[in-house]
$ cat structure.txt   # compact mmCIF, C-alpha atoms
# COMPACT_ATOMS: atom_id res chain seq x y z
CA MET A 236 1.68 12.84 2.62
CA GLU A 237 2.15 16.01 0.61
CA CYS A 238 1.66 16.86 -3.05
CA LYS A 239 3.42 19.75 -4.78
CA ILE A 240 2.00 20.76 -8.13
CA GLN A 241 3.84 22.25 -11.12
CA ASN A 242 2.47 23.01 -14.54
CA LEU A 243 4.96 22.41 -17.32
CA ALA A 244 3.49 23.07 -20.78
CA ASN A 245 0.85 20.35 -21.25
CA VAL A 246 2.03 18.34 -18.23
CA VAL A 247 0.89 18.58 -14.63
CA LEU A 248 3.82 17.36 -12.54
CA ILE A 249 2.84 16.24 -9.05
CA GLU A 250 5.66 15.61 -6.60
CA VAL A 251 4.34 13.22 -3.96
CA GLU A 252 6.14 12.96 -0.64
CA GLY A 253 5.71 10.69 2.38
CA ARG A 254 3.50 7.71 3.17
CA ILE A 255 0.46 6.64 1.20
CA ASP A 256 -1.38 4.30 3.51
CA HIS A 257 -4.89 3.54 4.74
CA GLY A 258 -4.98 6.87 6.58
CA THR A 259 -3.51 9.15 3.91
CA ALA A 260 -4.87 7.51 0.75
CA PRO A 261 -8.15 9.48 0.82
CA ALA A 262 -6.23 12.78 0.95
CA PHE A 263 -3.99 11.54 -1.86
CA GLY A 264 -7.06 10.75 -3.93
CA SER A 265 -8.55 14.18 -3.21
CA ALA A 266 -5.29 15.87 -4.22
CA LEU A 267 -5.22 13.98 -7.51
CA LEU A 268 -8.88 14.38 -8.37
CA PRO A 269 -8.89 17.88 -9.94
CA HIS A 270 -5.86 17.01 -12.02
CA VAL A 271 -7.39 13.75 -13.18
CA GLU A 272 -10.52 15.67 -14.14
CA GLY A 273 -8.36 18.07 -16.15
CA CYS A 274 -6.58 15.25 -17.95
CA THR A 275 -9.09 15.23 -20.74
CA ASP A 276 -7.38 14.55 -24.05
CA GLU A 277 -4.27 13.03 -25.51
CA ASN A 278 -2.34 16.29 -25.17
CA LYS A 279 -2.92 16.49 -21.41
CA LYS A 280 -0.55 14.45 -19.29
CA LEU A 281 -0.31 13.79 -15.59
CA LEU A 282 3.12 12.87 -14.22
CA LEU A 283 3.51 11.66 -10.65
CA ASP A 284 7.02 12.02 -9.20
CA PHE A 285 7.24 9.21 -6.63
CA GLY A 286 10.87 9.80 -5.69
CA LYS A 287 9.94 10.82 -2.14
CA VAL A 288 7.24 8.24 -1.51
CA THR A 289 8.57 6.02 1.25
CA TYR A 290 5.64 3.66 1.84
CA MET A 291 2.61 2.60 -0.13
CA SER A 292 -0.04 0.03 0.72
CA SER A 293 -2.88 -1.36 -1.39
CA ALA A 294 -4.97 1.67 -0.35
CA GLY A 295 -2.55 3.86 -2.31
CA LEU A 296 -2.49 1.46 -5.24
CA ARG A 297 -6.27 1.64 -5.37
CA VAL A 298 -6.10 5.45 -5.64
CA LEU A 299 -3.56 5.18 -8.45
CA MET A 300 -5.71 2.68 -10.32
CA ILE A 301 -8.80 4.90 -10.06
CA ALA A 302 -6.78 7.93 -11.24
CA ALA A 303 -5.21 6.08 -14.17
CA LYS A 304 -8.57 4.72 -15.25
CA GLY A 305 -10.10 8.20 -14.99
CA CYS A 306 -7.41 9.73 -17.19
CA ARG A 307 -7.69 6.93 -19.74
CA LYS A 308 -11.48 7.19 -19.88
CA GLN A 309 -11.19 10.89 -20.76
CA GLY A 310 -8.49 10.29 -23.36
CA GLY A 311 -5.67 11.60 -21.16
CA LYS A 312 -2.67 9.81 -19.73
CA MET A 313 -1.06 9.39 -16.32
CA VAL A 314 2.51 8.13 -15.87
CA LEU A 315 4.82 7.76 -12.87
CA ALA A 316 8.51 8.37 -12.33
CA ALA A 317 11.33 7.74 -9.86
CA LEU A 318 9.74 4.91 -7.88
CA GLN A 319 11.79 3.69 -4.92
CA PRO A 320 12.94 0.04 -5.25
CA THR A 321 10.46 -1.25 -2.67
CA ILE A 322 7.58 0.59 -4.36
CA GLN A 323 8.69 -0.90 -7.69
CA GLU A 324 8.45 -4.36 -6.14
CA ILE A 325 5.00 -3.63 -4.76
CA PHE A 326 4.01 -2.58 -8.28
CA LYS A 327 5.28 -5.91 -9.59
CA ILE A 328 3.35 -7.91 -6.99
CA GLY A 329 0.14 -6.13 -8.01
CA ARG A 330 1.12 -6.25 -11.71
CA PHE A 331 0.79 -2.47 -11.78
CA ASP A 332 3.94 -2.36 -13.87
CA MET A 333 1.88 -3.99 -16.63
CA VAL A 334 -0.87 -1.36 -16.70
CA LEU A 335 0.85 1.88 -15.63
CA GLU A 336 3.77 3.39 -17.50
CA THR A 337 6.73 4.15 -15.24
CA PHE A 338 10.07 5.87 -15.85
CA SER A 339 13.34 5.86 -13.93
CA THR A 340 13.46 9.65 -13.60
CA VAL A 341 11.20 12.66 -14.02
CA ARG A 342 13.46 13.84 -16.84
CA ASP A 343 13.05 10.53 -18.69
CA ALA A 344 9.30 10.70 -18.25
CA LEU A 345 9.07 14.28 -19.54
CA ALA A 346 11.29 13.48 -22.52
CA ALA A 347 8.94 10.63 -23.43
CA ILE A 348 5.59 12.35 -22.94
CA SER A 349 6.28 16.03 -23.71
CA PRO A 350 9.47 17.54 -25.14
CA ALA A 351 8.02 21.00 -24.45
CA ALA A 352 7.63 20.20 -20.76
CA ALA A 353 11.09 18.61 -20.69
CA ALA A 354 12.56 21.84 -22.04
CA LEU A 355 10.84 23.86 -19.34
CA TYR A 356 12.05 21.42 -16.68
CA GLY A 357 15.57 22.36 -17.75
CA ASP A 358 18.68 21.10 -16.01
CA ARG A 359 17.15 20.42 -12.62
CA MET B 67 -6.18 8.35 24.47
CA ALA B 68 -3.38 5.84 24.10
CA ALA B 69 -4.33 2.32 23.00
CA PRO B 70 -4.10 -0.35 25.71
CA VAL B 71 -0.77 -2.12 25.33
CA ALA B 72 0.40 -4.91 27.60
CA ASN B 73 2.56 -7.98 27.17
CA GLY B 74 2.85 -7.49 23.40
CA ARG B 75 -0.87 -7.09 22.86
CA ILE B 76 -3.08 -4.27 21.63
CA THR B 77 -6.85 -4.05 21.32
CA ALA B 78 -8.25 -1.32 19.11
CA PRO B 79 -11.74 -0.42 17.89
CA THR B 80 -12.22 -0.86 14.16
CA ILE B 81 -12.57 2.89 13.66
CA ASP B 82 -8.83 3.38 14.13
CA ALA B 83 -7.56 -0.20 14.34
CA VAL B 84 -5.41 0.06 11.21
CA ALA B 85 -3.36 3.00 12.48
CA ARG B 86 -3.02 1.70 16.04
CA CYS B 87 -2.12 -1.87 15.12
CA THR B 88 0.34 -0.73 12.46
CA GLU B 89 2.08 1.61 14.87
CA PHE B 90 2.20 -1.09 17.55
CA ALA B 91 3.64 -3.73 15.21
CA ALA B 92 6.25 -1.32 13.85
CA ALA B 93 7.47 -0.65 17.39
CA GLN B 94 7.62 -4.39 18.09
CA ALA B 95 9.62 -5.01 14.91
CA GLN B 96 12.01 -2.20 15.73
CA ASP B 97 12.50 -3.58 19.24
CA ALA B 98 13.25 -6.98 17.72
CA GLY B 99 16.05 -5.41 15.68
CA PHE B 100 14.40 -5.60 12.27
CA SER B 101 15.85 -3.33 9.56
CA LEU B 102 13.89 -0.23 8.59
CA ALA B 103 13.01 -1.91 5.28
CA ARG B 104 11.56 -4.93 7.08
CA VAL B 105 9.75 -2.72 9.61
CA HIS B 106 7.98 -1.07 6.66
CA GLU B 107 7.07 -4.52 5.33
CA VAL B 108 5.65 -5.53 8.72
CA GLU B 109 3.61 -2.31 8.67
CA LEU B 110 2.28 -3.29 5.23
CA VAL B 111 1.34 -6.76 6.49
CA VAL B 112 -0.52 -5.37 9.50
CA GLU B 113 -2.24 -2.65 7.47
CA GLU B 114 -3.50 -5.14 4.88
CA VAL B 115 -4.70 -7.67 7.48
CA VAL B 116 -6.47 -5.20 9.75
CA ALA B 117 -8.07 -3.29 6.87
CA ASN B 118 -9.45 -6.59 5.55
CA ILE B 119 -10.77 -7.59 8.98
CA CYS B 120 -12.55 -4.25 9.34
CA ARG B 121 -13.99 -4.49 5.84
CA TYR B 122 -15.00 -8.14 5.61
CA SER B 123 -15.23 -9.57 9.10
CA TYR B 124 -17.28 -6.71 10.53
CA GLY B 125 -18.83 -5.43 7.30
CA ASP B 126 -20.49 -2.12 8.05
CA GLY B 127 -20.58 -2.81 11.77
CA LEU B 128 -18.22 -1.81 14.51
CA GLY B 129 -16.00 -4.15 16.47
CA SER B 130 -12.47 -4.51 17.68
CA VAL B 131 -9.22 -6.08 16.57
CA GLU B 132 -6.68 -7.62 18.90
CA LEU B 133 -3.10 -8.00 17.85
CA CYS B 134 -0.79 -10.19 19.93
CA CYS B 135 2.90 -10.08 19.19
CA ARG B 136 5.52 -12.59 20.34
CA ARG B 137 9.20 -12.47 19.54
CA LEU B 138 11.02 -15.69 18.69
CA ASP B 139 14.70 -16.37 18.11
CA GLY B 140 15.90 -15.55 14.66
CA PRO B 141 14.66 -12.96 15.26
CA LYS B 142 11.14 -13.39 14.04
CA LEU B 143 7.77 -12.13 15.13
CA VAL B 144 4.54 -14.06 15.55
CA LEU B 145 1.59 -11.76 14.91
CA GLU B 146 -1.81 -13.07 15.93
CA PHE B 147 -4.84 -11.08 14.76
CA ILE B 148 -8.10 -11.80 16.59
CA ASP B 149 -11.55 -10.47 15.81
CA TYR B 150 -15.11 -11.33 16.81
CA GLY B 151 -16.78 -10.78 13.46
CA GLN B 152 -18.29 -13.23 11.04
CA PRO B 153 -16.12 -16.16 9.92
CA PHE B 154 -13.54 -14.73 7.56
CA ASP B 155 -10.33 -16.19 6.16
CA MET B 156 -8.78 -13.52 3.96
CA PHE B 157 -6.62 -16.08 2.19
CA THR B 158 -9.79 -17.50 0.63
CA LEU B 159 -10.79 -14.18 -0.96
CA PRO B 160 -11.07 -14.59 -4.73
CA ALA B 161 -7.89 -13.48 -6.45
CA PRO B 162 -8.33 -10.60 -8.90
CA ASP B 163 -7.29 -11.13 -12.49
CA LEU B 164 -4.06 -9.13 -12.61
CA SER B 165 -3.31 -10.11 -16.19
CA VAL B 166 -5.93 -7.91 -17.86
CA ASP B 167 -5.39 -4.41 -19.24
CA LEU B 168 -6.07 -1.16 -17.42
CA ASP B 169 -9.66 -0.82 -18.64
CA ARG B 170 -10.63 -4.24 -17.28
CA ARG B 171 -8.58 -4.26 -14.09
CA ASP B 172 -10.36 -4.11 -10.76
CA VAL B 173 -9.29 -1.08 -8.75
CA GLY B 174 -8.55 -3.20 -5.69
CA GLY B 175 -7.73 -6.73 -4.69
CA VAL B 176 -3.94 -6.53 -4.45
CA GLY B 177 -3.79 -6.50 -0.65
CA VAL B 178 -3.81 -10.28 -0.26
CA PRO B 179 -1.22 -10.93 -2.99
CA MET B 180 0.95 -8.34 -1.24
CA LEU B 181 0.37 -10.08 2.07
CA ARG B 182 1.37 -13.46 0.67
CA ALA B 183 4.59 -11.95 -0.69
CA LEU B 184 5.59 -10.36 2.61
CA VAL B 185 4.97 -13.05 5.26
CA ASP B 186 6.95 -16.21 5.93
CA GLN B 187 4.04 -18.27 7.28
CA ALA B 188 0.32 -17.76 7.74
CA SER B 189 -2.54 -19.79 9.17
CA TYR B 190 -6.21 -19.18 9.95
CA ARG B 191 -8.54 -20.81 12.44
CA ARG B 192 -12.02 -20.15 13.77
CA GLU B 193 -12.18 -20.68 17.52
CA ASP B 194 -14.82 -19.72 20.12
CA ALA B 195 -16.60 -17.37 17.68
CA ARG B 196 -13.32 -15.63 16.91
CA ASN B 197 -11.28 -15.35 13.73
CA ILE B 198 -7.62 -15.95 14.52
CA LEU B 199 -5.09 -15.23 11.83
CA CYS B 200 -1.51 -16.03 12.74
CA VAL B 201 1.38 -14.79 10.62
CA ILE B 202 5.10 -15.21 11.17
CA VAL B 203 7.54 -12.67 9.80
CA HIS B 204 11.28 -13.27 9.80
CA ALA B 205 13.79 -10.44 10.01
CA ALA B 206 15.02 -10.73 6.42
CA PRO B 207 13.27 -8.28 4.06
CA LYS B 208 11.24 -9.84 1.25
CA LEU B 209 11.43 -6.86 -1.07
CA ALA B 210 14.62 -5.52 -2.61
CA GLY B 211 14.69 -2.27 -0.68
CA ASP B 212 17.21 0.52 -0.74
CA PRO B 213 20.30 -0.74 1.13
CA SER B 214 20.60 2.66 2.75
CA SER B 215 17.31 2.13 4.51
CA THR B 216 18.37 -1.10 6.23

$ encode --input "structure.txt" --output "structure tokens"
Amino acid sequence: MECKIQNLANVVLIEVEGRIDHGTAPAFGSALLPHVEGCTDENKKLLLDFGKVTYMSSAGLRVLMIAAKGCRKQGGKMVLAALQPTIQEIFKIGRFDMVLETFSTVRDALAAISPAAAALYGDR
Amino acid sequence: MAAPVANGRITAPTIDAVARCTEFAAAQAQDAGFSLARVHEVELVVEEVVANICRYSYGDGLGSVELCCRRLDGPKLVLEFIDYGQPFDMFTLPAPDLSVDLDRRDVGGVGVPMLRALVDQASYRREDARNILCVIVHAAPKLAGDPSST
């Protein structure tokens, strides 16, 4: 599991790659933690690009839930984008689709949460 | 050191049982000709079961988990999880309320719903001071995966 971080205006974009399972979930949580702590008001957004996440168990879902709750508690917001079809189904089983906002693409997510960040993201 | 593997069986200490059992079951599913999508689902099943055994059956203590794997026509796999901890049937764990909003949601509790969605059959019995959980997984994926991964 790897996380690549980009700052785009008021958005921290985290590209997550690989497996999030019982073994890697703690490292995933540690990678998210400083960005969750920085997500402190309604202008600060955290966007997780899940396009390269190939496997996620309930250990990963637990990390996401803790992160989303942390952002919300501080007045910030965390959203996800580009979930693979199987991950989308896992979200539905756990009803995560009802409590976490998800978008089909990173571009769609940026357009919805921060036009300034979307402009910086450009035509990628 | 490699985990002991013989006749479709692995025994692993709880400290690394999740990783070893998951890897073992994935290899068994691949050998049975399961698609990559279904192999990932079998890995999810094994991860959820073994993590629950380590957490609830043994509590804070150490122990071991045995996983026996048999292949049946279909193809399908019979996965039998055996532990020597306290009596524990994970299918009786209280279901979390998944209908509430983010602020009121528990952070965990989705492992068993995921398990139910991914297996074709499951049964539990307590026998000779052992917990024995038997699950059967057929080759057909349960989740709508990417066709390119099958």

$ residues_around --input "structure.txt" --residues "region 116-128 of chain B" --least-positions-apart "2" --cutoff "8 Å" --atoms "all atoms listed in the file" --output "PyMOL selection string"
(chain A and resi 257) or (chain B and resi 79-81+83-84+87+112-114+130-131+147+149-154+156)

$ closest_residue --input "structure.txt" --among "B:Glu132, B:Asp169, B:Glu146, B:Asp163" --to "Ser189 (chain B)" --atoms "all atoms listed in the file"
B:Glu146

$ interface_residues --input "structure.txt" --of "chain A" --to "chain B" --cutoff "7 Å" --atoms "only C-alpha atoms" --output "list in words"
Ser292, Ser293, Arg297, Met300, Ile301, Lys304, Pro320, Thr321, Glu324, Ile328, Gly329, Arg330 and Val334 of chain A

$ residues_near_point --input "structure.txt" --point "(8.8, 11.2, -13.3)" --cutoff "9 Å" --atoms "all atoms listed in the file" --output "list in words"
Leu248, Ile249, Glu250, Leu282, Leu283, Asp284, Phe285, Gly286, Val314, Leu315, Ala316, Ala317, Leu318, Thr337, Phe338, Ser339, Thr340, Val341, Arg342, Asp343, Ala344 and Leu345 of chain A

$ atom_distance --input "structure.txt" --atom1 "CA of Ala206 (chain B)" --atom2 "CA of Val115 (chain B)"
20.0 Å

$ closest_residue --input "structure.txt" --among "A:Gly295, A:Arg359, A:Ile240, A:Pro350" --to "Asp256 (chain A)" --atoms "only C-alpha atoms"
A:Gly295

$ atom_distance --input "structure.txt" --atom1 "CA of Ala347 (chain A)" --atom2 "CA of Glu237 (chain A)"
25.6 Å

$ residues_around --input "structure.txt" --residues "Val298 (chain A)" --least-positions-apart "6" --cutoff "8 Å" --atoms "all atoms listed in the file" --output "compact mmCIF listing (two decimals) with C-alpha atoms, in the coordinates of the input"
# COMPACT_ATOMS: atom_id res chain seq x y z
CA ALA A 260 -4.87 7.51 0.75
CA PRO A 261 -8.15 9.48 0.82
CA PHE A 263 -3.99 11.54 -1.86
CA GLY A 264 -7.06 10.75 -3.93
CA VAL B 173 -9.29 -1.08 -8.75

$ residues_around --input "structure.txt" --residues "Val288 (chain A)" --least-positions-apart "5" --cutoff "9 Å" --atoms "only C-alpha atoms" --output "list in words"
Met236, Val251, Glu252, Gly253, Arg254, Ile255, Leu318, Gln319 and Ile322 of chain A

$ atom_distance --input "structure.txt" --atom1 "CA of Met313 (chain A)" --atom2 "CA of Tyr290 (chain A)"
20.2 Å

$ decode --input "structure.txt" --residues "region 253-287 of chain A" --atoms "N, CA, C and O atoms" --output "PDB file, in the first residue's frame"
ATOM      1  N   GLY A 253      -2.743  -0.044  -4.147  1.00  0.00           N
ATOM      2  CA  GLY A 253      -2.445  -1.374  -3.607  1.00  0.00           C
ATOM      3  C   GLY A 253      -3.542  -1.934  -2.733  1.00  0.00           C
ATOM      4  O   GLY A 253      -4.713  -1.605  -2.884  1.00  0.00           O
ATOM      5  N   ARG A 254      -3.146  -2.799  -1.805  1.00  0.00           N
ATOM      6  CA  ARG A 254      -4.084  -3.511  -0.942  1.00  0.00           C
ATOM      7  C   ARG A 254      -4.198  -2.821   0.413  1.00  0.00           C
ATOM      8  O   ARG A 254      -3.197  -2.433   1.000  1.00  0.00           O
ATOM      9  N   ILE A 255      -5.433  -2.704   0.883  1.00  0.00           N
ATOM     10  CA  ILE A 255      -5.648  -2.229   2.253  1.00  0.00           C
ATOM     11  C   ILE A 255      -6.297  -3.388   3.009  1.00  0.00           C
ATOM     12  O   ILE A 255      -7.499  -3.640   2.882  1.00  0.00           O
ATOM     13  N   ASP A 256      -5.476  -4.107   3.740  1.00  0.00           N
ATOM     14  CA  ASP A 256      -5.955  -5.290   4.439  1.00  0.00           C
ATOM     15  C   ASP A 256      -5.537  -5.229   5.911  1.00  0.00           C
ATOM     16  O   ASP A 256      -5.054  -4.190   6.386  1.00  0.00           O
ATOM     17  N   HIS A 257      -5.710  -6.342   6.582  1.00  0.00           N
ATOM     18  CA  HIS A 257      -5.375  -6.421   8.008  1.00  0.00           C
ATOM     19  C   HIS A 257      -3.923  -5.999   8.270  1.00  0.00           C
ATOM     20  O   HIS A 257      -3.626  -5.348   9.272  1.00  0.00           O
ATOM     21  N   GLY A 258      -3.034  -6.340   7.345  1.00  0.00           N
ATOM     22  CA  GLY A 258      -1.619  -6.033   7.526  1.00  0.00           C
ATOM     23  C   GLY A 258      -1.250  -4.601   7.199  1.00  0.00           C
ATOM     24  O   GLY A 258      -0.383  -4.010   7.854  1.00  0.00           O
ATOM     25  N   THR A 259      -1.900  -4.024   6.182  1.00  0.00           N
ATOM     26  CA  THR A 259      -1.508  -2.684   5.720  1.00  0.00           C
ATOM     27  C   THR A 259      -2.400  -1.571   6.279  1.00  0.00           C
ATOM     28  O   THR A 259      -2.041  -0.402   6.170  1.00  0.00           O
ATOM     29  N   ALA A 260      -3.529  -1.938   6.867  1.00  0.00           N
ATOM     30  CA  ALA A 260      -4.453  -0.904   7.362  1.00  0.00           C
ATOM     31  C   ALA A 260      -3.804   0.027   8.392  1.00  0.00           C
ATOM     32  O   ALA A 260      -4.036   1.247   8.347  1.00  0.00           O
ATOM     33  N   PRO A 261      -2.980  -0.495   9.332  1.00  0.00           N
ATOM     34  CA  PRO A 261      -2.349   0.442  10.275  1.00  0.00           C
ATOM     35  C   PRO A 261      -1.469   1.487   9.585  1.00  0.00           C
ATOM     36  O   PRO A 261      -1.491   2.664   9.963  1.00  0.00           O
ATOM     37  N   ALA A 262      -0.723   1.074   8.555  1.00  0.00           N
ATOM     38  CA  ALA A 262       0.115   2.037   7.826  1.00  0.00           C
ATOM     39  C   ALA A 262      -0.756   3.028   7.061  1.00  0.00           C
ATOM     40  O   ALA A 262      -0.422   4.220   6.962  1.00  0.00           O
ATOM     41  N   PHE A 263      -1.866   2.545   6.533  1.00  0.00           N
ATOM     42  CA  PHE A 263      -2.813   3.436   5.847  1.00  0.00           C
ATOM     43  C   PHE A 263      -3.338   4.482   6.821  1.00  0.00           C
ATOM     44  O   PHE A 263      -3.382   5.685   6.516  1.00  0.00           O
ATOM     45  N   GLY A 264      -3.703   4.043   8.012  1.00  0.00           N
ATOM     46  CA  GLY A 264      -4.196   4.968   9.028  1.00  0.00           C
ATOM     47  C   GLY A 264      -3.145   5.990   9.414  1.00  0.00           C
ATOM     48  O   GLY A 264      -3.444   7.183   9.559  1.00  0.00           O
ATOM     49  N   SER A 265      -1.897   5.518   9.555  1.00  0.00           N
ATOM     50  CA  SER A 265      -0.805   6.439   9.917  1.00  0.00           C
ATOM     51  C   SER A 265      -0.553   7.456   8.804  1.00  0.00           C
ATOM     52  O   SER A 265      -0.246   8.616   9.080  1.00  0.00           O
ATOM     53  N   ALA A 266      -0.682   7.017   7.557  1.00  0.00           N
ATOM     54  CA  ALA A 266      -0.474   7.935   6.428  1.00  0.00           C
ATOM     55  C   ALA A 266      -1.564   8.999   6.372  1.00  0.00           C
ATOM     56  O   ALA A 266      -1.306  10.146   6.004  1.00  0.00           O
ATOM     57  N   LEU A 267      -2.777   8.601   6.749  1.00  0.00           N
ATOM     58  CA  LEU A 267      -3.895   9.560   6.701  1.00  0.00           C
ATOM     59  C   LEU A 267      -3.886  10.535   7.870  1.00  0.00           C
ATOM     60  O   LEU A 267      -4.330  11.679   7.739  1.00  0.00           O
ATOM     61  N   LEU A 268      -3.382  10.075   8.996  1.00  0.00           N
ATOM     62  CA  LEU A 268      -3.551  10.816  10.255  1.00  0.00           C
ATOM     63  C   LEU A 268      -3.161  12.298  10.182  1.00  0.00           C
ATOM     64  O   LEU A 268      -3.970  13.161  10.556  1.00  0.00           O
ATOM     65  N   PRO A 269      -1.948  12.658   9.696  1.00  0.00           N
ATOM     66  CA  PRO A 269      -1.610  14.085   9.692  1.00  0.00           C
ATOM     67  C   PRO A 269      -2.531  14.918   8.811  1.00  0.00           C
ATOM     68  O   PRO A 269      -2.784  16.088   9.105  1.00  0.00           O
ATOM     69  N   HIS A 270      -3.049  14.301   7.771  1.00  0.00           N
ATOM     70  CA  HIS A 270      -3.935  15.035   6.868  1.00  0.00           C
ATOM     71  C   HIS A 270      -5.338  15.167   7.458  1.00  0.00           C
ATOM     72  O   HIS A 270      -6.019  16.159   7.220  1.00  0.00           O
ATOM     73  N   VAL A 271      -5.745  14.165   8.212  1.00  0.00           N
ATOM     74  CA  VAL A 271      -7.016  14.271   8.933  1.00  0.00           C
ATOM     75  C   VAL A 271      -6.896  15.368   9.990  1.00  0.00           C
ATOM     76  O   VAL A 271      -7.790  16.203  10.139  1.00  0.00           O
ATOM     77  N   GLU A 272      -5.772  15.401  10.674  1.00  0.00           N
ATOM     78  CA  GLU A 272      -5.570  16.429  11.706  1.00  0.00           C
ATOM     79  C   GLU A 272      -5.547  17.827  11.105  1.00  0.00           C
ATOM     80  O   GLU A 272      -5.910  18.793  11.778  1.00  0.00           O
ATOM     81  N   GLY A 273      -5.127  17.919   9.849  1.00  0.00           N
ATOM     82  CA  GLY A 273      -5.087  19.231   9.192  1.00  0.00           C
ATOM     83  C   GLY A 273      -6.402  19.620   8.547  1.00  0.00           C
ATOM     84  O   GLY A 273      -6.540  20.723   8.005  1.00  0.00           O
ATOM     85  N   CYS A 274      -7.342  18.727   8.567  1.00  0.00           N
ATOM     86  CA  CYS A 274      -8.645  18.968   7.919  1.00  0.00           C
ATOM     87  C   CYS A 274      -9.574  19.594   8.960  1.00  0.00           C
ATOM     88  O   CYS A 274     -10.441  18.938   9.517  1.00  0.00           O
ATOM     89  N   THR A 275      -9.355  20.876   9.205  1.00  0.00           N
ATOM     90  CA  THR A 275      -9.904  21.467  10.424  1.00  0.00           C
ATOM     91  C   THR A 275     -11.069  22.431  10.243  1.00  0.00           C
ATOM     92  O   THR A 275     -11.625  22.887  11.221  1.00  0.00           O
ATOM     93  N   ASP A 276     -11.415  22.784   9.034  1.00  0.00           N
ATOM     94  CA  ASP A 276     -12.590  23.646   8.882  1.00  0.00           C
ATOM     95  C   ASP A 276     -13.221  23.389   7.521  1.00  0.00           C
ATOM     96  O   ASP A 276     -12.726  22.600   6.735  1.00  0.00           O
ATOM     97  N   GLU A 277     -14.312  24.057   7.272  1.00  0.00           N
ATOM     98  CA  GLU A 277     -15.088  23.714   6.081  1.00  0.00           C
ATOM     99  C   GLU A 277     -14.359  24.040   4.774  1.00  0.00           C
ATOM    100  O   GLU A 277     -14.763  23.582   3.706  1.00  0.00           O
ATOM    101  N   ASN A 278     -13.292  24.807   4.855  1.00  0.00           N
ATOM    102  CA  ASN A 278     -12.529  25.097   3.632  1.00  0.00           C
ATOM    103  C   ASN A 278     -11.440  24.063   3.361  1.00  0.00           C
ATOM    104  O   ASN A 278     -10.824  24.088   2.296  1.00  0.00           O
ATOM    105  N   LYS A 279     -11.176  23.207   4.320  1.00  0.00           N
ATOM    106  CA  LYS A 279     -10.140  22.177   4.140  1.00  0.00           C
ATOM    107  C   LYS A 279     -10.793  20.861   3.733  1.00  0.00           C
ATOM    108  O   LYS A 279     -11.704  20.384   4.410  1.00  0.00           O
ATOM    109  N   LYS A 280     -10.312  20.318   2.630  1.00  0.00           N
ATOM    110  CA  LYS A 280     -10.907  19.075   2.124  1.00  0.00           C
ATOM    111  C   LYS A 280      -9.825  18.020   1.950  1.00  0.00           C
ATOM    112  O   LYS A 280      -8.681  18.329   1.585  1.00  0.00           O
ATOM    113  N   LEU A 281     -10.242  16.804   2.167  1.00  0.00           N
ATOM    114  CA  LEU A 281      -9.365  15.649   1.960  1.00  0.00           C
ATOM    115  C   LEU A 281     -10.019  14.780   0.889  1.00  0.00           C
ATOM    116  O   LEU A 281     -11.179  14.390   1.029  1.00  0.00           O
ATOM    117  N   LEU A 282      -9.277  14.518  -0.183  1.00  0.00           N
ATOM    118  CA  LEU A 282      -9.809  13.703  -1.280  1.00  0.00           C
ATOM    119  C   LEU A 282      -8.926  12.472  -1.446  1.00  0.00           C
ATOM    120  O   LEU A 282      -7.721  12.586  -1.683  1.00  0.00           O
ATOM    121  N   LEU A 283      -9.534  11.301  -1.326  1.00  0.00           N
ATOM    122  CA  LEU A 283      -8.802  10.050  -1.496  1.00  0.00           C
ATOM    123  C   LEU A 283      -9.098   9.494  -2.880  1.00  0.00           C
ATOM    124  O   LEU A 283     -10.251   9.188  -3.202  1.00  0.00           O
ATOM    125  N   ASP A 284      -8.055   9.361  -3.694  1.00  0.00           N
ATOM    126  CA  ASP A 284      -8.180   8.760  -5.022  1.00  0.00           C
ATOM    127  C   ASP A 284      -7.963   7.253  -4.862  1.00  0.00           C
ATOM    128  O   ASP A 284      -6.849   6.796  -4.607  1.00  0.00           O
ATOM    129  N   PHE A 285      -9.052   6.497  -5.015  1.00  0.00           N
ATOM    130  CA  PHE A 285      -9.007   5.041  -4.795  1.00  0.00           C
ATOM    131  C   PHE A 285      -8.899   4.259  -6.105  1.00  0.00           C
ATOM    132  O   PHE A 285      -9.125   3.053  -6.121  1.00  0.00           O
ATOM    133  N   GLY A 286      -8.551   4.944  -7.180  1.00  0.00           N
ATOM    134  CA  GLY A 286      -8.509   4.283  -8.485  1.00  0.00           C
ATOM    135  C   GLY A 286      -7.555   3.106  -8.555  1.00  0.00           C
ATOM    136  O   GLY A 286      -7.728   2.205  -9.380  1.00  0.00           O
ATOM    137  N   LYS A 287      -6.512   3.111  -7.726  1.00  0.00           N
ATOM    138  CA  LYS A 287      -5.520   2.035  -7.767  1.00  0.00           C
ATOM    139  C   LYS A 287      -5.581   1.133  -6.539  1.00  0.00           C
ATOM    140  O   LYS A 287      -4.632   0.407  -6.249  1.00  0.00           O
TER     141      LYS A 287
END
